[in-house]
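Novice: Sharing a structure below in structure tokens format, with a few things to ask.
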Amino acid sequence: MTTDDPVSRMAQAWARFDESLRSGNGFDDTAYDALTAALRACAAEWAELDAIPRLGANVLVDLFPSTEANAALYRGEAADRVMRAAYELHTLAGHCVALRQEPGPPR
């Protein structure tokens, strides 16, 4: 994997976003936007695959629980924003591993 492929971009953006929250520096909009864009790119790239790269799976597993846990470091609207992001990331992770819909039998 190169540093320009969607998985590497996702991992790097995730590290920046998570680190900003964990360190108490707040919500990094640029990292979040890069992360959501990379997740969308991975979902598109992986749509026809039967397996996904290990690094991608590693990030997907951490997205929701880590972001949810980080919300506890904040109060009020800041905590709510982090929780909204956690749920959006959870949804995008689901798109990354969605199964293809096979056409059903004719009716």
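Labels for the structure tokens follow display order: chains A, B, ..., residues from 1 in each chain, ligands from 1.
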Name all residues at most 12 Å from Ala43 of chain A (count only C-alpha atoms; drop same-chain ones fewer than 4 positions away) and give them as a VMD selection string.

Specialist: chain A and resid 6 to 7 10 36 to 39 47 to 49 51 to 53 56 to 57 60 91 to 100

Novice: Okay, now the selection with N, CA and C atoms, as an mmCIF file, in the first residue's frame?

Specialist:
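So result24.cif came out as:
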data_model
loop_
_atom_site.group_PDB
_atom_site.id
_atom_site.type_symbol
_atom_site.label_atom_id
_atom_site.label_comp_id
_atom_site.auth_asym_id
_atom_site.auth_seq_id
_atom_site.Cartn_x
_atom_site.Cartn_y
_atom_site.Cartn_z
ATOM 1 N N PRO A 6 -6.556 4.792 -0.704
ATOM 2 C CA PRO A 6 -7.623 5.140 0.234
ATOM 3 C C PRO A 6 -7.430 4.571 1.642
ATOM 4 N N VAL A 7 -6.891 3.363 1.752
ATOM 5 C CA VAL A 7 -6.700 2.763 3.075
ATOM 6 C C VAL A 7 -5.667 3.550 3.876
ATOM 7 N N MET A 10 -7.163 6.800 4.894
ATOM 8 C CA MET A 10 -8.107 6.595 5.983
ATOM 9 C C MET A 10 -7.364 6.424 7.307
ATOM 10 N N THR A 36 -13.808 11.071 6.576
ATOM 11 C CA THR A 36 -15.074 10.690 5.947
ATOM 12 C C THR A 36 -14.904 10.526 4.434
ATOM 13 N N ALA A 37 -14.082 11.369 3.820
ATOM 14 C CA ALA A 37 -13.814 11.228 2.384
ATOM 15 C C ALA A 37 -13.087 9.912 2.105
ATOM 16 N N ALA A 38 -12.117 9.568 2.943
ATOM 17 C CA ALA A 38 -11.371 8.321 2.753
ATOM 18 C C ALA A 38 -12.274 7.112 2.979
ATOM 19 N N LEU A 39 -13.181 7.191 3.954
ATOM 20 C CA LEU A 39 -14.119 6.087 4.173
ATOM 21 C C LEU A 39 -15.026 5.891 2.964
ATOM 22 N N ALA A 47 -16.333 -2.206 -2.820
ATOM 23 C CA ALA A 47 -17.706 -2.651 -3.086
ATOM 24 C C ALA A 47 -17.781 -4.034 -3.731
ATOM 25 N N GLU A 48 -16.848 -4.356 -4.569
ATOM 26 C CA GLU A 48 -16.889 -5.633 -5.280
ATOM 27 C C GLU A 48 -15.922 -6.667 -4.715
ATOM 28 N N LEU A 49 -15.236 -6.342 -3.631
ATOM 29 C CA LEU A 49 -14.264 -7.271 -3.056
ATOM 30 C C LEU A 49 -14.922 -8.208 -2.055
ATOM 31 N N ALA A 51 -12.988 -9.469 0.395
ATOM 32 C CA ALA A 51 -12.196 -9.231 1.603
ATOM 33 C C ALA A 51 -11.625 -7.821 1.520
ATOM 34 N N ILE A 52 -11.361 -7.240 2.679
ATOM 35 C CA ILE A 52 -10.790 -5.889 2.708
ATOM 36 C C ILE A 52 -9.403 -5.943 3.335
ATOM 37 N N PRO A 53 -8.569 -4.937 3.065
ATOM 38 C CA PRO A 53 -7.226 -4.920 3.640
ATOM 39 C C PRO A 53 -7.265 -4.906 5.171
ATOM 40 N N GLY A 56 -7.398 -1.563 6.893
ATOM 41 C CA GLY A 56 -8.737 -0.995 6.832
ATOM 42 C C GLY A 56 -9.645 -1.587 7.889
ATOM 43 N N ALA A 57 -9.601 -2.905 8.046
ATOM 44 C CA ALA A 57 -10.421 -3.566 9.064
ATOM 45 C C ALA A 57 -10.035 -3.077 10.455
ATOM 46 N N LEU A 60 -11.618 0.332 10.940
ATOM 47 C CA LEU A 60 -13.073 0.239 11.039
ATOM 48 C C LEU A 60 -13.519 -0.258 12.407
ATOM 49 N N THR A 91 -21.834 4.588 10.568
ATOM 50 C CA THR A 91 -22.601 4.385 9.339
ATOM 51 C C THR A 91 -21.674 4.223 8.140
ATOM 52 N N LEU A 92 -20.658 5.078 8.047
ATOM 53 C CA LEU A 92 -19.714 4.987 6.930
ATOM 54 C C LEU A 92 -18.924 3.679 6.980
ATOM 55 N N ALA A 93 -18.565 3.225 8.179
ATOM 56 C CA ALA A 93 -17.872 1.938 8.310
ATOM 57 C C ALA A 93 -18.768 0.824 7.794
ATOM 58 N N GLY A 94 -20.050 0.911 8.086
ATOM 59 C CA GLY A 94 -20.995 -0.083 7.579
ATOM 60 C C GLY A 94 -21.032 -0.108 6.061
ATOM 61 N N HIS A 95 -20.948 1.058 5.442
ATOM 62 C CA HIS A 95 -20.918 1.115 3.974
ATOM 63 C C HIS A 95 -19.652 0.451 3.427
ATOM 64 N N CYS A 96 -18.568 0.545 4.184
ATOM 65 C CA CYS A 96 -17.303 -0.046 3.729
ATOM 66 C C CYS A 96 -17.369 -1.568 3.666
ATOM 67 N N VAL A 97 -18.197 -2.167 4.494
ATOM 68 C CA VAL A 97 -18.254 -3.634 4.545
ATOM 69 C C VAL A 97 -19.603 -4.185 4.091
ATOM 70 N N ALA A 98 -20.417 -3.338 3.481
ATOM 71 C CA ALA A 98 -21.745 -3.768 3.031
ATOM 72 C C ALA A 98 -21.637 -4.886 2.010
ATOM 73 N N LEU A 99 -22.525 -5.823 2.125
ATOM 74 C CA LEU A 99 -22.576 -6.914 1.151
ATOM 75 C C LEU A 99 -23.324 -6.457 -0.086
ATOM 76 N N ARG A 100 -22.902 -6.957 -1.211
ATOM 77 C CA ARG A 100 -23.602 -6.667 -2.459
ATOM 78 C C ARG A 100 -25.000 -7.259 -2.386
#

Novice: Which residue is closest to Thr67 of chain A? Choose from A:Asp18, A:Glu45, A:Asp29, A:Asp50 and count only C-alpha atoms.

Specialist: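 Smallest separation from Thr67 of chain A among the options: A:Asp18.
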
Novice: Please report the interatomic distance between atom CA of Arg81 of chain A and atom CA of Arg9 of chain A in Å with one decimal.

Specialist: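 Result for atom CA of Arg81 of chain A versus atom CA of Arg9 of chain A: 22.9 Å, one decimal.
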
Novice: One number please: atom CA of Asp80 of chain A to atom CA of Gln12 of chain A, in Å, one decimal.

Specialist: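 Computed distance, atom CA of Asp80 of chain A to atom CA of Gln12 of chain A, equals 24.1 Å.
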
Novice: Looking only at alpha helix (DSSP H) from DSSP on the backbone, list the matching residues of segment 19-74 of chain A as a PyMOL selection string.

Specialist: chain A and resi 19-22+29-46+54-71

Novice: Find, counting only C-alpha atoms, the residue in A:Ala85, A:Gly24, A:Phe64, A:Val59 that gets nearest to Cys42 of chain A.

Specialist: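 Smallest separation from Cys42 of chain A among the options: A:Val59.
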
Novice: Neighbours of Glu68 of chain A within 12 Å (only C-alpha atoms; same-chain residues fewer than 6 positions away dropped), as a PDB file with N, CA, C and O atoms, in the first residue's frame?

Specialist:
ATOM      1  N   ASP A  18      -8.451  11.043  15.800  1.00  0.00           N
ATOM      2  CA  ASP A  18      -8.484  10.409  17.123  1.00  0.00           C
ATOM      3  C   ASP A  18      -7.514  11.088  18.085  1.00  0.00           C
ATOM      4  O   ASP A  18      -7.861  11.353  19.235  1.00  0.00           O
ATOM      5  N   LEU A  21      -8.856  14.396  19.449  1.00  0.00           N
ATOM      6  CA  LEU A  21      -9.874  14.205  20.484  1.00  0.00           C
ATOM      7  C   LEU A  21      -9.255  13.698  21.781  1.00  0.00           C
ATOM      8  O   LEU A  21      -9.533  14.233  22.856  1.00  0.00           O
ATOM      9  N   ARG A  22      -8.428  12.654  21.690  1.00  0.00           N
ATOM     10  CA  ARG A  22      -7.832  12.047  22.884  1.00  0.00           C
ATOM     11  C   ARG A  22      -6.951  13.008  23.659  1.00  0.00           C
ATOM     12  O   ARG A  22      -6.895  12.961  24.880  1.00  0.00           O
ATOM     13  N   ASP A  62     -12.110   0.258  15.232  1.00  0.00           N
ATOM     14  CA  ASP A  62     -11.879   1.266  16.269  1.00  0.00           C
ATOM     15  C   ASP A  62     -12.734   2.522  16.141  1.00  0.00           C
ATOM     16  O   ASP A  62     -12.882   3.260  17.122  1.00  0.00           O
ATOM     17  N   TYR A  74     -15.324  15.508  26.843  1.00  0.00           N
ATOM     18  CA  TYR A  74     -15.885  16.822  26.525  1.00  0.00           C
ATOM     19  C   TYR A  74     -17.237  16.990  27.206  1.00  0.00           C
ATOM     20  O   TYR A  74     -17.819  16.034  27.716  1.00  0.00           O
ATOM     21  N   ALA A  79     -19.325  17.549  23.362  1.00  0.00           N
ATOM     22  CA  ALA A  79     -19.533  16.108  23.534  1.00  0.00           C
ATOM     23  C   ALA A  79     -20.588  15.606  22.556  1.00  0.00           C
ATOM     24  O   ALA A  79     -20.433  14.525  21.965  1.00  0.00           O
ATOM     25  N   ASP A  80     -21.646  16.383  22.376  1.00  0.00           N
ATOM     26  CA  ASP A  80     -22.698  15.993  21.434  1.00  0.00           C
ATOM     27  C   ASP A  80     -22.158  15.899  20.009  1.00  0.00           C
ATOM     28  O   ASP A  80     -22.507  14.989  19.257  1.00  0.00           O
ATOM     29  N   ARG A  81     -21.295  16.831  19.650  1.00  0.00           N
ATOM     30  CA  ARG A  81     -20.714  16.826  18.297  1.00  0.00           C
ATOM     31  C   ARG A  81     -19.859  15.581  18.078  1.00  0.00           C
ATOM     32  O   ARG A  81     -19.904  14.963  17.022  1.00  0.00           O
ATOM     33  N   VAL A  82     -19.087  15.220  19.088  1.00  0.00           N
ATOM     34  CA  VAL A  82     -18.245  14.025  18.969  1.00  0.00           C
ATOM     35  C   VAL A  82     -19.131  12.781  18.840  1.00  0.00           C
ATOM     36  O   VAL A  82     -18.848  11.895  18.031  1.00  0.00           O
ATOM     37  N   MET A  83     -20.218  12.722  19.596  1.00  0.00           N
ATOM     38  CA  MET A  83     -21.125  11.572  19.494  1.00  0.00           C
ATOM     39  C   MET A  83     -21.797  11.510  18.123  1.00  0.00           C
ATOM     40  O   MET A  83     -21.944  10.423  17.551  1.00  0.00           O
ATOM     41  N   ARG A  84     -22.201  12.653  17.594  1.00  0.00           N
ATOM     42  CA  ARG A  84     -22.776  12.660  16.238  1.00  0.00           C
ATOM     43  C   ARG A  84     -21.763  12.135  15.233  1.00  0.00           C
ATOM     44  O   ARG A  84     -22.097  11.356  14.329  1.00  0.00           O
ATOM     45  N   ALA A  85     -20.518  12.546  15.396  1.00  0.00           N
ATOM     46  CA  ALA A  85     -19.452  12.065  14.506  1.00  0.00           C
ATOM     47  C   ALA A  85     -19.271  10.557  14.666  1.00  0.00           C
ATOM     48  O   ALA A  85     -19.083   9.849  13.676  1.00  0.00           O
ATOM     49  N   ALA A  86     -19.342  10.058  15.898  1.00  0.00           N
ATOM     50  CA  ALA A  86     -19.188   8.613  16.134  1.00  0.00           C
ATOM     51  C   ALA A  86     -20.237   7.838  15.356  1.00  0.00           C
ATOM     52  O   ALA A  86     -19.930   6.829  14.704  1.00  0.00           O
ATOM     53  N   TYR A  87     -21.479   8.310  15.402  1.00  0.00           N
ATOM     54  CA  TYR A  87     -22.547   7.606  14.690  1.00  0.00           C
ATOM     55  C   TYR A  87     -22.399   7.737  13.174  1.00  0.00           C
ATOM     56  O   TYR A  87     -22.682   6.789  12.439  1.00  0.00           O
ATOM     57  N   GLU A  88     -21.951   8.883  12.700  1.00  0.00           N
ATOM     58  CA  GLU A  88     -21.721   9.022  11.258  1.00  0.00           C
ATOM     59  C   GLU A  88     -20.588   8.104  10.809  1.00  0.00           C
ATOM     60  O   GLU A  88     -20.683   7.438   9.772  1.00  0.00           O
ATOM     61  N   LEU A  89     -19.512   8.037  11.596  1.00  0.00           N
ATOM     62  CA  LEU A  89     -18.399   7.148  11.264  1.00  0.00           C
ATOM     63  C   LEU A  89     -18.854   5.692  11.278  1.00  0.00           C
ATOM     64  O   LEU A  89     -18.446   4.891  10.427  1.00  0.00           O
ATOM     65  N   HIS A  90     -19.707   5.353  12.223  1.00  0.00           N
ATOM     66  CA  HIS A  90     -20.252   3.993  12.302  1.00  0.00           C
ATOM     67  C   HIS A  90     -21.027   3.658  11.026  1.00  0.00           C
ATOM     68  O   HIS A  90     -20.874   2.563  10.461  1.00  0.00           O
TER      69      HIS A  90
END
